[in-house]
file input08.cif (mmCIF, C-alpha atoms)
data_my_file
#
loop_
_atom_site.label_atom_id
_atom_site.label_comp_id
_atom_site.auth_asym_id
_atom_site.auth_seq_id
_atom_site.Cartn_x
_atom_site.Cartn_y
_atom_site.Cartn_z
CA MET C 1 26.19 8.34 23.46
CA ASN C 2 28.28 6.31 21.08
CA ALA C 3 28.18 7.38 17.49
CA ILE C 4 26.49 5.04 15.06
CA THR C 5 28.81 3.35 12.57
CA TYR C 6 27.36 4.30 9.26
CA PHE C 7 27.75 2.45 5.96
CA PRO C 8 26.85 4.85 3.12
CA GLY C 9 27.34 2.63 0.09
CA CYS C 10 28.13 3.86 -3.41
CA SER C 11 24.79 5.41 -4.38
CA LEU C 12 24.70 7.79 -1.43
CA LYS C 13 27.96 9.28 -2.63
CA ASP C 14 26.65 9.74 -6.15
CA SER C 15 23.13 9.29 -7.56
CA ALA C 16 21.53 9.45 -4.12
CA ALA C 17 23.60 12.29 -2.62
CA SER C 18 20.50 13.97 -1.18
CA PHE C 19 19.69 10.71 0.65
CA GLU C 20 23.03 10.99 2.43
CA ARG C 21 22.81 14.74 3.13
CA SER C 22 19.36 14.40 4.71
CA THR C 23 20.33 11.22 6.62
CA VAL C 24 23.36 12.84 8.21
CA ALA C 25 21.44 16.02 9.07
CA VAL C 26 18.42 14.33 10.67
CA MET C 27 20.52 11.91 12.73
CA GLU C 28 22.58 14.84 14.00
CA ARG C 29 19.38 16.67 14.95
CA LEU C 30 18.09 13.57 16.74
CA GLY C 31 21.24 13.39 18.84
CA HIS C 32 22.49 10.19 17.20
CA PRO C 33 25.40 11.38 15.05
CA LEU C 34 26.75 9.06 12.38
CA GLU C 35 30.35 8.11 11.95
CA GLU C 36 31.30 6.78 8.54
CA LEU C 37 32.86 3.31 8.47
CA PRO C 38 36.54 3.85 7.58
CA ARG C 39 37.65 2.53 4.18
CA TRP C 40 34.27 1.00 3.35
CA THR C 41 33.83 -0.62 -0.06
CA CYS C 42 30.91 -1.66 -2.24
CA CYS C 43 28.58 -4.08 -0.40
CA GLY C 44 28.24 -6.31 -3.44
CA THR C 45 24.83 -4.77 -4.36
CA VAL C 46 22.99 -8.08 -4.57
CA ALA C 47 23.30 -11.07 -2.25
CA ALA C 48 24.76 -14.23 -3.76
CA LEU C 49 22.11 -16.90 -3.29
CA ALA C 50 23.99 -20.04 -4.35
CA THR C 51 25.45 -21.96 -1.41
CA ASP C 52 28.84 -22.42 -3.09
CA ASP C 53 29.15 -18.85 -4.39
CA LEU C 54 31.52 -17.56 -1.73
CA MET C 55 33.37 -15.21 -4.06
CA HIS C 56 30.37 -12.90 -4.20
CA LEU C 57 30.31 -12.61 -0.40
CA VAL C 58 33.81 -11.16 -0.17
CA ALA C 59 32.78 -7.52 -0.75
CA ALA C 60 30.42 -7.56 2.21
CA VAL C 61 32.80 -9.46 4.50
CA ARG C 62 35.55 -6.95 3.78
CA ASN C 63 33.29 -4.28 5.30
CA PHE C 64 32.61 -6.41 8.36
CA GLU C 65 36.36 -6.71 8.85
CA ARG C 66 36.67 -2.89 8.70
CA ALA C 67 33.95 -2.65 11.37
CA GLN C 68 35.72 -5.25 13.51
CA LYS C 69 38.91 -3.22 13.27
CA ILE C 70 37.27 -0.20 14.92
CA GLU C 71 35.44 -2.48 17.39
CA ALA C 72 32.02 -1.60 16.01
CA GLU C 73 29.42 -4.23 16.83
CA GLU C 74 27.06 -3.08 14.13
CA ILE C 75 26.93 -1.14 10.90
CA VAL C 76 23.91 0.87 9.85
CA ALA C 77 22.90 1.37 6.24
CA PRO C 78 20.24 3.83 5.02
CA CYS C 79 20.21 2.23 1.54
CA ALA C 80 17.77 -0.67 1.63
CA MET C 81 19.68 -2.59 -1.01
CA CYS C 82 23.03 -2.34 0.83
CA PHE C 83 21.26 -3.23 4.06
CA ASN C 84 19.70 -6.33 2.52
CA THR C 85 22.90 -7.57 0.88
CA LEU C 86 25.01 -6.94 3.97
CA ARG C 87 22.50 -8.58 6.31
CA GLN C 88 22.10 -11.67 4.14
CA VAL C 89 25.87 -12.11 4.04
CA ALA C 90 26.23 -11.44 7.79
CA MET C 91 23.58 -14.04 8.57
CA ARG C 92 25.62 -16.56 6.61
CA VAL C 93 29.22 -15.80 7.58
CA ASN C 94 28.52 -15.03 11.24
CA VAL C 95 27.46 -18.66 11.74
CA ASP C 96 29.00 -20.63 8.85
CA VAL C 97 32.57 -21.00 10.10
CA GLU C 98 33.70 -23.05 7.11
CA ALA C 99 32.55 -20.38 4.64
CA ARG C 100 34.12 -17.66 6.77
CA ASP C 101 37.45 -19.50 6.93
CA LYS C 102 37.55 -19.83 3.16
CA ILE C 103 36.75 -16.15 2.65
CA ASN C 104 39.36 -15.14 5.21
CA ALA C 105 41.95 -17.26 3.45
CA PHE C 106 41.09 -15.49 0.22
CA MET C 107 41.23 -11.97 1.73
CA ASN C 108 44.83 -12.42 2.78
CA GLU C 109 45.58 -8.70 2.95
CA GLU C 110 43.00 -8.13 5.66
CA GLU C 111 42.86 -9.45 9.17
CA ASP C 112 40.56 -12.42 9.63
CA TYR C 113 36.92 -11.58 10.15
CA GLU C 114 35.83 -13.36 13.29
CA GLY C 115 32.08 -12.93 12.98
CA GLY C 116 29.71 -10.99 15.18
CA VAL C 117 29.10 -7.74 13.29
CA ALA C 118 25.37 -7.01 13.05
CA VAL C 119 23.80 -5.16 10.14
CA ARG C 120 20.89 -2.80 10.70
CA HIS C 121 18.80 -0.55 8.52
CA LEU C 122 18.46 3.09 9.53
CA LEU C 123 14.68 2.62 9.97
CA GLU C 124 15.37 -0.04 12.62
CA ILE C 125 17.52 2.43 14.53
CA LEU C 126 14.80 5.07 14.28
CA ARG C 127 12.13 2.63 15.48
CA ASP C 128 14.03 0.64 18.10
CA ARG C 129 16.61 3.06 19.46
CA VAL C 130 15.46 6.60 18.79
CA GLY C 131 11.73 5.92 19.03
CA TRP C 132 8.77 7.61 17.35
CA ASP C 133 8.12 9.86 20.35
CA ALA C 134 11.62 11.32 20.28
CA ILE C 135 11.26 11.92 16.55
CA GLU C 136 7.89 13.60 17.04
CA GLU C 137 9.49 15.91 19.60
CA LYS C 138 11.94 17.17 16.98
CA VAL C 139 9.24 17.85 14.42
CA THR C 140 8.87 21.61 14.14
CA GLU C 141 6.99 21.76 10.85
CA PRO C 142 4.65 18.78 10.78
CA LEU C 143 3.68 17.52 7.34
CA PHE C 144 0.00 18.01 8.15
CA ASP C 145 -2.30 16.70 5.46
CA LEU C 146 0.54 15.67 3.19
CA PRO C 147 -0.63 12.32 1.79
CA VAL C 148 2.43 10.07 1.57
CA SER C 149 2.62 6.53 0.24
CA ALA C 150 4.97 4.37 2.32
CA TYR C 151 6.69 2.38 -0.39
CA TYR C 152 8.75 -0.49 1.00
CA GLY C 153 9.64 -2.37 -2.15
CA CYS C 154 11.43 -5.69 -1.66
CA THR C 155 14.67 -5.30 0.20
CA LEU C 156 13.34 -3.78 3.44
CA VAL C 157 10.93 -6.64 4.05
CA ARG C 158 12.13 -9.75 2.21
CA PRO C 159 13.35 -12.50 2.27
CA SER C 160 11.86 -13.91 5.49
CA GLY C 161 14.17 -13.57 8.44
CA VAL C 162 16.13 -10.80 6.74
CA GLY C 163 13.56 -8.02 6.43
CA ILE C 164 13.00 -5.49 9.21
CA ASP C 165 9.24 -5.92 9.49
CA ASP C 166 6.30 -8.21 8.74
CA PRO C 167 6.64 -8.95 5.01
CA ALA C 168 2.86 -9.07 4.52
CA ALA C 169 1.93 -6.01 6.59
CA PRO C 170 4.94 -3.81 7.34
CA ALA C 171 4.38 -0.77 9.56
CA VAL C 172 7.76 0.83 10.21
CA LEU C 173 7.80 3.38 7.40
CA GLY C 174 4.14 4.29 7.91
CA ASP C 175 4.73 4.78 11.64
CA LEU C 176 7.65 7.10 10.90
CA LEU C 177 5.56 9.14 8.45
CA GLU C 178 2.81 9.45 11.04
CA ALA C 179 5.33 10.71 13.58
CA LEU C 180 6.19 13.41 11.03
CA GLY C 181 2.52 14.37 10.89
CA ALA C 182 1.90 13.05 7.38
CA THR C 183 -1.18 11.10 6.32
CA VAL C 184 -0.15 7.60 5.27
CA VAL C 185 -1.65 6.36 2.02
CA LYS C 186 -1.73 2.57 1.73
CA THR C 187 -1.67 0.92 -1.68
CA PRO C 188 -1.67 -2.73 -2.77
CA PHE C 189 1.76 -2.05 -4.31
CA ASP C 190 3.56 -1.02 -1.10
CA THR C 191 5.76 -4.12 -1.11
CA GLU C 192 5.75 -4.84 -4.86
CA CYS C 193 9.00 -4.90 -6.84
CA CYS C 194 9.82 -1.75 -8.87
CA GLY C 195 11.57 -3.84 -11.53
CA SER C 196 14.95 -3.45 -9.85
CA TYR C 197 18.10 -3.99 -11.94
CA GLN C 198 16.00 -5.20 -14.86
CA VAL C 199 16.04 -1.54 -15.86
CA VAL C 200 19.48 -2.13 -17.37
CA ASP C 201 18.54 -4.49 -20.20
CA ARG C 202 14.74 -4.55 -19.79
CA ARG C 203 13.88 -0.91 -19.23
CA ASP C 204 10.33 -1.53 -20.52
CA LEU C 205 9.75 -4.07 -17.80
CA ALA C 206 11.02 -1.89 -14.95
CA VAL C 207 9.08 1.14 -16.22
CA ASP C 208 5.91 -0.96 -16.44
CA ARG C 209 6.29 -2.16 -12.83
CA SER C 210 7.09 1.32 -11.57
CA LEU C 211 4.16 2.88 -13.43
CA ARG C 212 1.79 0.51 -11.68
CA ILE C 213 3.21 1.62 -8.32
CA LEU C 214 2.81 5.29 -9.31
CA ARG C 215 -0.75 4.78 -10.57
CA ALA C 216 -1.79 2.94 -7.39
CA ALA C 217 -0.47 5.92 -5.40
CA ILE C 218 -2.22 8.44 -7.66
CA THR C 219 -5.56 6.62 -7.42
CA ARG C 220 -5.36 6.92 -3.63
CA GLY C 221 -4.35 10.57 -3.66
CA ALA C 222 -0.69 10.37 -2.60
CA ALA C 223 1.30 13.56 -3.18
CA VAL C 224 4.61 11.89 -2.29
CA ILE C 225 5.99 8.35 -2.46
CA ALA C 226 8.54 7.71 0.28
CA THR C 227 11.41 5.39 -0.65
CA SER C 228 14.44 3.90 1.08
CA CYS C 229 16.30 2.50 -1.93
CA PRO C 230 18.22 4.46 -4.57
CA LEU C 231 17.26 1.90 -7.22
CA CYS C 232 13.52 2.14 -6.45
CA GLN C 233 13.96 5.91 -6.46
CA TYR C 234 15.60 5.82 -9.88
CA ASN C 235 13.04 3.47 -11.42
CA LEU C 236 10.05 5.37 -10.06
CA GLU C 237 11.48 8.71 -11.20
CA GLU C 238 12.38 7.27 -14.59
CA ALA C 239 8.84 5.95 -15.05
CA ARG C 240 7.37 9.23 -13.81
CA ARG C 241 9.48 11.33 -16.19
CA GLY C 242 8.63 9.16 -19.18
CA ALA C 243 4.92 9.07 -18.40
CA LEU C 244 4.77 12.86 -17.96
CA ALA C 245 6.55 13.37 -21.28
CA GLU C 246 4.14 11.03 -23.03
CA GLY C 247 1.12 12.58 -21.38
CA MET C 248 0.23 9.37 -19.54
CA LEU C 249 0.49 11.23 -16.22
CA VAL C 250 -0.08 14.89 -15.44
CA GLU C 251 2.16 17.04 -13.25
CA ALA C 252 -0.66 18.05 -10.91
CA THR C 253 -1.33 14.52 -9.70
CA ALA C 254 1.95 12.65 -10.33
CA PRO C 255 3.45 12.01 -6.86
CA VAL C 256 6.89 13.31 -6.02
CA VAL C 257 9.31 10.46 -5.25
CA ALA C 258 11.48 11.21 -2.19
CA TYR C 259 13.72 9.47 0.31
CA PHE C 260 12.17 9.07 3.75
CA THR C 261 15.02 11.05 5.28
CA GLU C 262 14.16 14.02 3.04
CA LEU C 263 10.64 13.99 4.48
CA MET C 264 12.17 13.87 7.97
CA ALA C 265 14.37 16.86 7.13
CA ALA C 266 11.30 18.76 5.89
CA ALA C 267 9.32 18.02 9.07
CA MET C 268 12.26 18.93 11.31
CA GLY C 269 12.60 22.29 9.59
CA LEU C 270 16.15 21.52 8.51
CA ASP C 271 17.86 23.65 5.91
CA GLU C 272 15.63 23.90 2.88
CA GLU C 273 18.61 23.32 0.66
CA LEU C 274 18.48 19.70 1.79
CA LEU C 275 15.19 19.27 -0.02
CA PRO C 276 14.84 18.68 -3.73
CA ALA C 277 12.75 21.43 -5.36
CA ASP C 278 9.83 19.14 -6.22
CA LEU C 279 9.51 17.84 -2.65
CA ARG C 280 9.73 21.36 -1.22
CA ALA C 281 6.93 22.44 -3.58
CA ALA C 282 4.74 19.48 -2.56
CA VAL C 283 5.23 20.27 1.14
CA VAL C 284 4.48 23.97 0.60
CA ARG C 285 1.36 23.11 -1.43
CA SER C 286 -0.02 20.87 1.28
CA ARG C 287 0.59 23.55 3.93
CA GLU C 288 -1.23 26.15 1.87
CA THR C 289 -4.30 23.97 1.62
CA THR C 290 -4.36 23.04 5.31
CA PRO C 291 -7.05 25.05 7.14
CA GLU C 292 -5.99 27.16 10.11
CA GLY C 293 -5.88 25.45 13.47
CA VAL C 294 -5.56 21.93 12.10
CA MET F 1 20.26 -42.27 -25.95
CA PRO F 2 17.72 -42.56 -23.13
CA ARG F 3 20.22 -43.87 -20.60
CA GLN F 4 22.55 -40.91 -20.92
CA ARG F 5 19.64 -38.50 -20.66
CA GLU F 6 18.53 -40.09 -17.41
CA VAL F 7 21.94 -39.50 -15.90
CA SER F 8 22.12 -35.85 -16.88
CA THR F 9 18.57 -35.37 -15.63
CA GLU F 10 19.51 -36.69 -12.22
CA ARG F 11 22.58 -34.50 -12.19
CA LEU F 12 20.64 -31.33 -13.00
CA ARG F 13 18.34 -32.04 -10.09
CA GLU F 14 21.21 -32.76 -7.75
CA ARG F 15 23.20 -29.76 -8.88
CA VAL F 16 20.28 -27.37 -8.42
CA GLU F 17 19.46 -28.78 -4.98
CA GLU F 18 23.08 -28.53 -3.93
CA MET F 19 23.56 -24.98 -5.18
CA SER F 20 20.24 -23.68 -3.86
CA GLY F 21 20.12 -25.66 -0.64
CA GLU F 22 16.42 -26.23 -1.41
CA LYS F 23 14.43 -29.47 -1.66
CA LEU F 24 12.71 -29.66 -5.03
CA PHE F 25 10.21 -32.31 -3.97
CA ALA F 26 8.96 -30.20 -1.08
CA CYS F 27 6.97 -28.32 -3.72
CA TYR F 28 3.42 -29.65 -4.21
CA GLN F 29 2.61 -27.37 -7.14
CA CYS F 30 0.04 -25.12 -5.51
CA GLY F 31 1.10 -22.29 -7.80
CA MET F 32 1.34 -19.62 -5.09
CA CYS F 33 4.76 -18.53 -6.37
CA SER F 34 3.38 -17.94 -9.87
CA ALA F 35 0.48 -15.97 -8.40
CA ALA F 36 2.85 -13.84 -6.33
CA CYS F 37 5.46 -13.20 -9.02
CA PRO F 38 5.18 -9.67 -10.47
CA LEU F 39 6.97 -10.57 -13.69
CA THR F 40 5.26 -13.72 -14.99
CA GLU F 41 3.91 -11.87 -18.04
CA GLU F 42 7.43 -11.82 -19.41
CA MET F 43 8.34 -15.42 -18.57
CA ASP F 44 8.11 -18.28 -21.06
CA ARG F 45 7.50 -20.62 -18.11
CA LEU F 46 5.76 -19.78 -14.86
CA PRO F 47 7.86 -20.01 -11.69
CA SER F 48 5.88 -23.08 -10.56
CA GLN F 49 6.48 -24.65 -13.98
CA VAL F 50 10.21 -24.11 -13.55
CA ILE F 51 10.11 -26.12 -10.30
CA ARG F 52 7.96 -28.80 -11.96
CA ALA F 53 10.46 -29.10 -14.80
CA LEU F 54 13.26 -29.44 -12.26
CA GLN F 55 11.34 -32.11 -10.35
CA LEU F 56 10.95 -34.03 -13.60
CA GLY F 57 14.58 -33.33 -14.46
CA ASP F 58 13.63 -31.69 -17.75
CA PRO F 59 16.96 -30.29 -19.04
CA THR F 60 15.24 -27.79 -21.37
CA VAL F 61 14.38 -25.68 -18.33
CA ILE F 62 17.89 -24.27 -18.54
CA GLU F 63 16.86 -22.60 -21.83
CA SER F 64 13.93 -20.80 -20.19
CA ASN F 65 14.06 -17.01 -19.82
CA ALA F 66 12.36 -17.19 -16.41
CA MET F 67 15.54 -16.94 -14.35
CA TRP F 68 16.68 -13.88 -16.30
CA VAL F 69 13.35 -12.10 -15.86
CA CYS F 70 13.30 -12.96 -12.13
CA ALA F 71 14.50 -9.92 -10.16
CA SER F 72 15.10 -11.82 -6.88
CA CYS F 73 12.29 -9.84 -5.24
CA PHE F 74 11.42 -12.82 -2.98
CA ALA F 75 7.66 -12.29 -3.37
CA CYS F 76 7.47 -16.07 -4.00
CA GLU F 77 9.66 -16.98 -1.05
CA VAL F 78 7.56 -15.20 1.59
CA ARG F 79 4.36 -16.81 0.29
CA CYS F 80 5.40 -20.41 -0.32
CA PRO F 81 3.43 -22.62 2.11
CA LYS F 82 6.12 -25.29 1.88
CA GLY F 83 9.05 -23.00 2.62
CA VAL F 84 10.69 -23.46 -0.77
CA ASP F 85 12.89 -20.52 -1.69
CA LEU F 86 12.29 -20.27 -5.41
CA ALA F 87 14.61 -17.25 -5.71
CA LYS F 88 17.46 -19.57 -4.79
CA LEU F 89 16.43 -22.11 -7.45
CA MET F 90 16.43 -19.32 -10.03
CA GLU F 91 19.89 -18.26 -8.86
CA ALA F 92 21.14 -21.84 -9.22
CA LEU F 93 19.86 -21.96 -12.80
CA ARG F 94 21.53 -18.63 -13.59
CA GLN F 95 24.78 -19.81 -12.03
CA ILE F 96 24.77 -23.06 -14.00
CA ARG F 97 24.72 -21.05 -17.21
CA LEU F 98 27.07 -18.32 -16.06
CA ARG F 99 29.66 -20.88 -14.96
CA ARG F 100 29.66 -22.22 -18.50
CA SER F 101 30.53 -18.67 -19.63
CA LEU F 102 27.07 -18.22 -21.09
CA ASP F 103 26.50 -14.62 -20.05
CA TRP F 104 23.00 -13.26 -20.52
CA ILE F 105 24.08 -9.64 -20.99
CA SER F 106 27.25 -7.92 -22.00
CA LEU F 107 28.31 -4.34 -21.32
CA ASP F 108 29.51 -4.10 -24.93
CA GLU F 109 25.95 -4.52 -26.14
CA LEU F 110 24.55 -1.67 -24.07
CA PRO F 111 24.63 1.76 -25.70
CA ARG F 112 27.23 4.05 -24.15
CA GLU F 113 24.74 6.81 -23.36
CA ARG F 114 22.57 4.29 -21.56
CA ILE F 115 25.48 3.14 -19.40
CA ARG F 116 26.25 6.76 -18.57
CA GLU F 117 22.72 7.58 -17.43
CA LEU F 118 22.13 4.40 -15.40
CA PRO F 119 23.03 4.58 -11.70
CA GLN F 120 25.81 2.25 -10.58
CA ILE F 121 23.45 0.39 -8.25
CA ALA F 122 21.52 -0.85 -11.32
CA LEU F 123 24.59 -1.66 -13.41
CA VAL F 124 26.48 -3.54 -10.72
CA ALA F 125 23.38 -5.50 -9.63
CA SER F 126 22.49 -6.43 -13.19
CA LEU F 127 25.98 -7.54 -14.13
CA ARG F 128 26.36 -9.59 -10.99
CA LYS F 129 23.12 -11.41 -11.76
CA LYS F 130 23.45 -11.78 -15.52
CA ALA F 131 27.16 -12.00 -16.32
CA GLY F 132 29.85 -14.29 -14.92
#
call {"tool": "encode", "arguments": {"input": "input08.cif", "output": "structure tokens"}}
result
Amino acid sequence: MNAITYFPGCSLKDSAASFERSTVAVMERLGHPLEELPRWTCCGTVAALATDDLMHLVAAVRNFERAQKIEAEEIVAPCAMCFNTLRQVAMRVNVDVEARDKINAFMNEEEDYEGGVAVRHLLEILRDRVGWDAIEEKVTEPLFDLPVSAYYGCTLVRPSGVGIDDPAAPAVLGDLLEALGATVVKTPFDTECCGSYQVVDRRDLAVDRSLRILRAAITRGAAVIATSCPLCQYNLEEARRGALAEGMLVEATAPVVAYFTELMAAAMGLDEELLPADLRAAVVRSRETTPEGV
Amino acid sequence: MPRQREVSTERLRERVEEMSGEKLFACYQCGMCSAACPLTEEMDRLPSQVIRALQLGDPTVIESNAMWVCASCFACEVRCPKGVDLAKLMEALRQIRLRRSLDWISLDELPRERIRELPQIALVASLRKKAG
């Protein structure tokens, strides 16, 4: 089987290193090894939305050119933000020849990008190519009775035509969690914004949004919130830390925030060192309270 | 000078439509975008009021904080019954200011410790949206 061309993005090499470690390990275990895109660069982080703002598309197109060079037809990103930015740009430059020509003329040190590279999120690969049954087969330590909130945020499901699932009622992350044996906790905030990059100059605003997401999960008994975006992860953890310090939340009920691939690693019995201590503790706790034979 | 104002009004409308690729008059002011937006509490004008101001060619809309509070979450876009992508209108308004070198944030104004603790995904996204 051909290896999957993998686009890590900057966060997975730094603030979200455990996202990358768990991603690589679970894909290996599933028999779909990842091969890192050679000489990848930043995706651009956010998609340029103005029709004449071609300059801000260059970062993404440069990566498509790298993929073209190794004859990869698709690149796969685990980071929801990279995925969203890359897919929005691909949807534009794969069809808008005039825009592509201008960008190619600007990137004169690279070969011309000719269009045709598809962008997929890792969850799409898991759903459409690996399949939930194959994942279930590799689960050796099911997350029985672990209540997990499937938090999608924005970039997995919006805008229309870009997201990987129904923006009003997405199922992909919940289906994955069920394959791992977890109990999916639904909240009205599953596809609400965490505050995103507003955390830079409006920390109050991002913390407020993220606290609402945490509280909705707490009210419904979630022990873990599963994420797919390093920025959501940061904002939720930042809000959690602050609220614990101020006594607005208590440790016993505040959900652990974890990447979906970390939950996969836990269920597949992969090296415990892959798991952050708080997630490992939450998994152990739920196993201790599960009655025999369940 | 009413005449001059009329011209600039028309140009703001045209410019925003051109940059966003959206039709301002498709909006019939149902207010769904304002209901969907998670950040209206912080906005001096509601998202639907921003479109209304653009329809009327009200140049003061460019002074609103709405486009800087908008996080491009697209909650409005997926709910608009008329298919208007408000996130793109907000981007056009940001770009109009940024292209006049009117940055909304500057790295120099952020405390050093804060820059150190923020992940790059937040910093790069924020600066791409709020600085030219």
call {"tool": "interface_residues", "arguments": {"input": "input08.cif", "of": "chain F", "to": "chain C", "cutoff": "8 Å", "atoms": "all atoms listed in the file", "output": "PDB file with C-alpha atoms, in the coordinates of the input"}}
result
ATOM      1  CA  GLU F  18      23.080 -28.530  -3.930  1.00  0.00           C
ATOM      2  CA  MET F  19      23.560 -24.980  -5.180  1.00  0.00           C
ATOM      3  CA  SER F  20      20.240 -23.680  -3.860  1.00  0.00           C
ATOM      4  CA  GLY F  21      20.120 -25.660  -0.640  1.00  0.00           C
ATOM      5  CA  PRO F  38       5.180  -9.670 -10.470  1.00  0.00           C
ATOM      6  CA  VAL F  69      13.350 -12.100 -15.860  1.00  0.00           C
ATOM      7  CA  ALA F  71      14.500  -9.920 -10.160  1.00  0.00           C
ATOM      8  CA  CYS F  73      12.290  -9.840  -5.240  1.00  0.00           C
ATOM      9  CA  PHE F  74      11.420 -12.820  -2.980  1.00  0.00           C
ATOM     10  CA  ALA F  75       7.660 -12.290  -3.370  1.00  0.00           C
ATOM     11  CA  GLU F  77       9.660 -16.980  -1.050  1.00  0.00           C
ATOM     12  CA  VAL F  78       7.560 -15.200   1.590  1.00  0.00           C
ATOM     13  CA  ALA F  87      14.610 -17.250  -5.710  1.00  0.00           C
ATOM     14  CA  LYS F  88      17.460 -19.570  -4.790  1.00  0.00           C
ATOM     15  CA  GLU F  91      19.890 -18.260  -8.860  1.00  0.00           C
ATOM     16  CA  ALA F  92      21.140 -21.840  -9.220  1.00  0.00           C
ATOM     17  CA  GLN F  95      24.780 -19.810 -12.030  1.00  0.00           C
ATOM     18  CA  ILE F 105      24.080  -9.640 -20.990  1.00  0.00           C
ATOM     19  CA  LEU F 110      24.550  -1.670 -24.070  1.00  0.00           C
ATOM     20  CA  LEU F 118      22.130   4.400 -15.400  1.00  0.00           C
ATOM     21  CA  PRO F 119      23.030   4.580 -11.700  1.00  0.00           C
ATOM     22  CA  GLN F 120      25.810   2.250 -10.580  1.00  0.00           C
ATOM     23  CA  ILE F 121      23.450   0.390  -8.250  1.00  0.00           C
ATOM     24  CA  ALA F 122      21.520  -0.850 -11.320  1.00  0.00           C
ATOM     25  CA  LEU F 123      24.590  -1.660 -13.410  1.00  0.00           C
ATOM     26  CA  VAL F 124      26.480  -3.540 -10.720  1.00  0.00           C
ATOM     27  CA  ALA F 125      23.380  -5.500  -9.630  1.00  0.00           C
ATOM     28  CA  SER F 126      22.490  -6.430 -13.190  1.00  0.00           C
ATOM     29  CA  ARG F 128      26.360  -9.590 -10.990  1.00  0.00           C
ATOM     30  CA  LYS F 129      23.120 -11.410 -11.760  1.00  0.00           C
TER      31      LYS F 129
END
call {"tool": "residues_around", "arguments": {"input": "input08.cif", "residues": "range 114-120 of chain C", "least_positions_apart": "3", "cutoff": "10 Å", "atoms": "all atoms listed in the file", "output": "VMD selection string"}}
result
chain C and resid 6 to 7 61 63 to 65 67 to 68 71 to 78 80 82 to 97 100 to 101 104 111 123 to 125 163 to 164
call {"tool": "atom_distance", "arguments": {"input": "input08.cif", "atom1": "CA of Cys37 in chain F", "atom2": "CA of Val250 in chain C"}}
result
29.3 Å
call {"tool": "atom_distance", "arguments": {"input": "input08.cif", "atom1": "CA of Ala134 in chain C", "atom2": "CA of Val184 in chain C"}}
result
19.4 Å
call {"tool": "residues_around", "arguments": {"input": "input08.cif", "residues": "Leu180 in chain C", "least_positions_apart": "5", "cutoff": "12 Å", "atoms": "all atoms listed in the file", "output": "ChimeraX atom specification"}}
result
/C:132-148,173-175,260-269
call {"tool": "write_last_selection", "arguments": {"input": "input08.cif", "atoms": "C-alpha atoms", "output": "compact mmCIF listing (two decimals), in the frame of the given file"}}
result
# COMPACT_ATOMS: atom_id res chain seq x y z
CA TRP C 132 8.77 7.61 17.35
CA ASP C 133 8.12 9.86 20.35
CA ALA C 134 11.62 11.32 20.28
CA ILE C 135 11.26 11.92 16.55
CA GLU C 136 7.89 13.60 17.04
CA GLU C 137 9.49 15.91 19.60
CA LYS C 138 11.94 17.17 16.98
CA VAL C 139 9.24 17.85 14.42
CA THR C 140 8.87 21.61 14.14
CA GLU C 141 6.99 21.76 10.85
CA PRO C 142 4.65 18.78 10.78
CA LEU C 143 3.68 17.52 7.34
CA PHE C 144 0.00 18.01 8.15
CA ASP C 145 -2.30 16.70 5.46
CA LEU C 146 0.54 15.67 3.19
CA PRO C 147 -0.63 12.32 1.79
CA VAL C 148 2.43 10.07 1.57
CA LEU C 173 7.80 3.38 7.40
CA GLY C 174 4.14 4.29 7.91
CA ASP C 175 4.73 4.78 11.64
CA PHE C 260 12.17 9.07 3.75
CA THR C 261 15.02 11.05 5.28
CA GLU C 262 14.16 14.02 3.04
CA LEU C 263 10.64 13.99 4.48
CA MET C 264 12.17 13.87 7.97
CA ALA C 265 14.37 16.86 7.13
CA ALA C 266 11.30 18.76 5.89
CA ALA C 267 9.32 18.02 9.07
CA MET C 268 12.26 18.93 11.31
CA GLY C 269 12.60 22.29 9.59
call {"tool": "residues_near_point", "arguments": {"input": "input08.cif", "point": "(20.7, 11.8, 1.5)", "cutoff": "9 Å", "atoms": "all atoms listed in the file", "output": "count of residues only"}}
result
17
call {"tool": "decode", "arguments": {"input": "input08.cif", "residues": "range 24-28 of chain F", "atoms": "N, CA, C and O atoms", "output": "compact mmCIF listing (two decimals), in the first residue's frame"}}
result
# COMPACT_ATOMS: atom_id res chain seq x y z
N LEU F 24 -24.04 42.19 -2.01
CA LEU F 24 -24.58 42.80 -0.79
C LEU F 24 -26.11 42.80 -0.76
O LEU F 24 -26.72 42.60 0.28
N PHE F 25 -26.73 43.02 -1.91
CA PHE F 25 -28.19 43.14 -1.92
C PHE F 25 -28.91 41.79 -1.93
O PHE F 25 -30.13 41.74 -1.94
N ALA F 26 -28.13 40.71 -1.89
CA ALA F 26 -28.77 39.41 -1.70
C ALA F 26 -29.32 39.31 -0.28
O ALA F 26 -30.27 38.59 -0.01
N CYS F 27 -28.72 40.05 0.63
CA CYS F 27 -29.12 40.00 2.04
C CYS F 27 -30.48 40.67 2.23
O CYS F 27 -30.68 41.78 1.79
N TYR F 28 -31.41 39.95 2.89
CA TYR F 28 -32.72 40.57 3.17
C TYR F 28 -32.90 40.82 4.67
O TYR F 28 -34.02 40.87 5.17
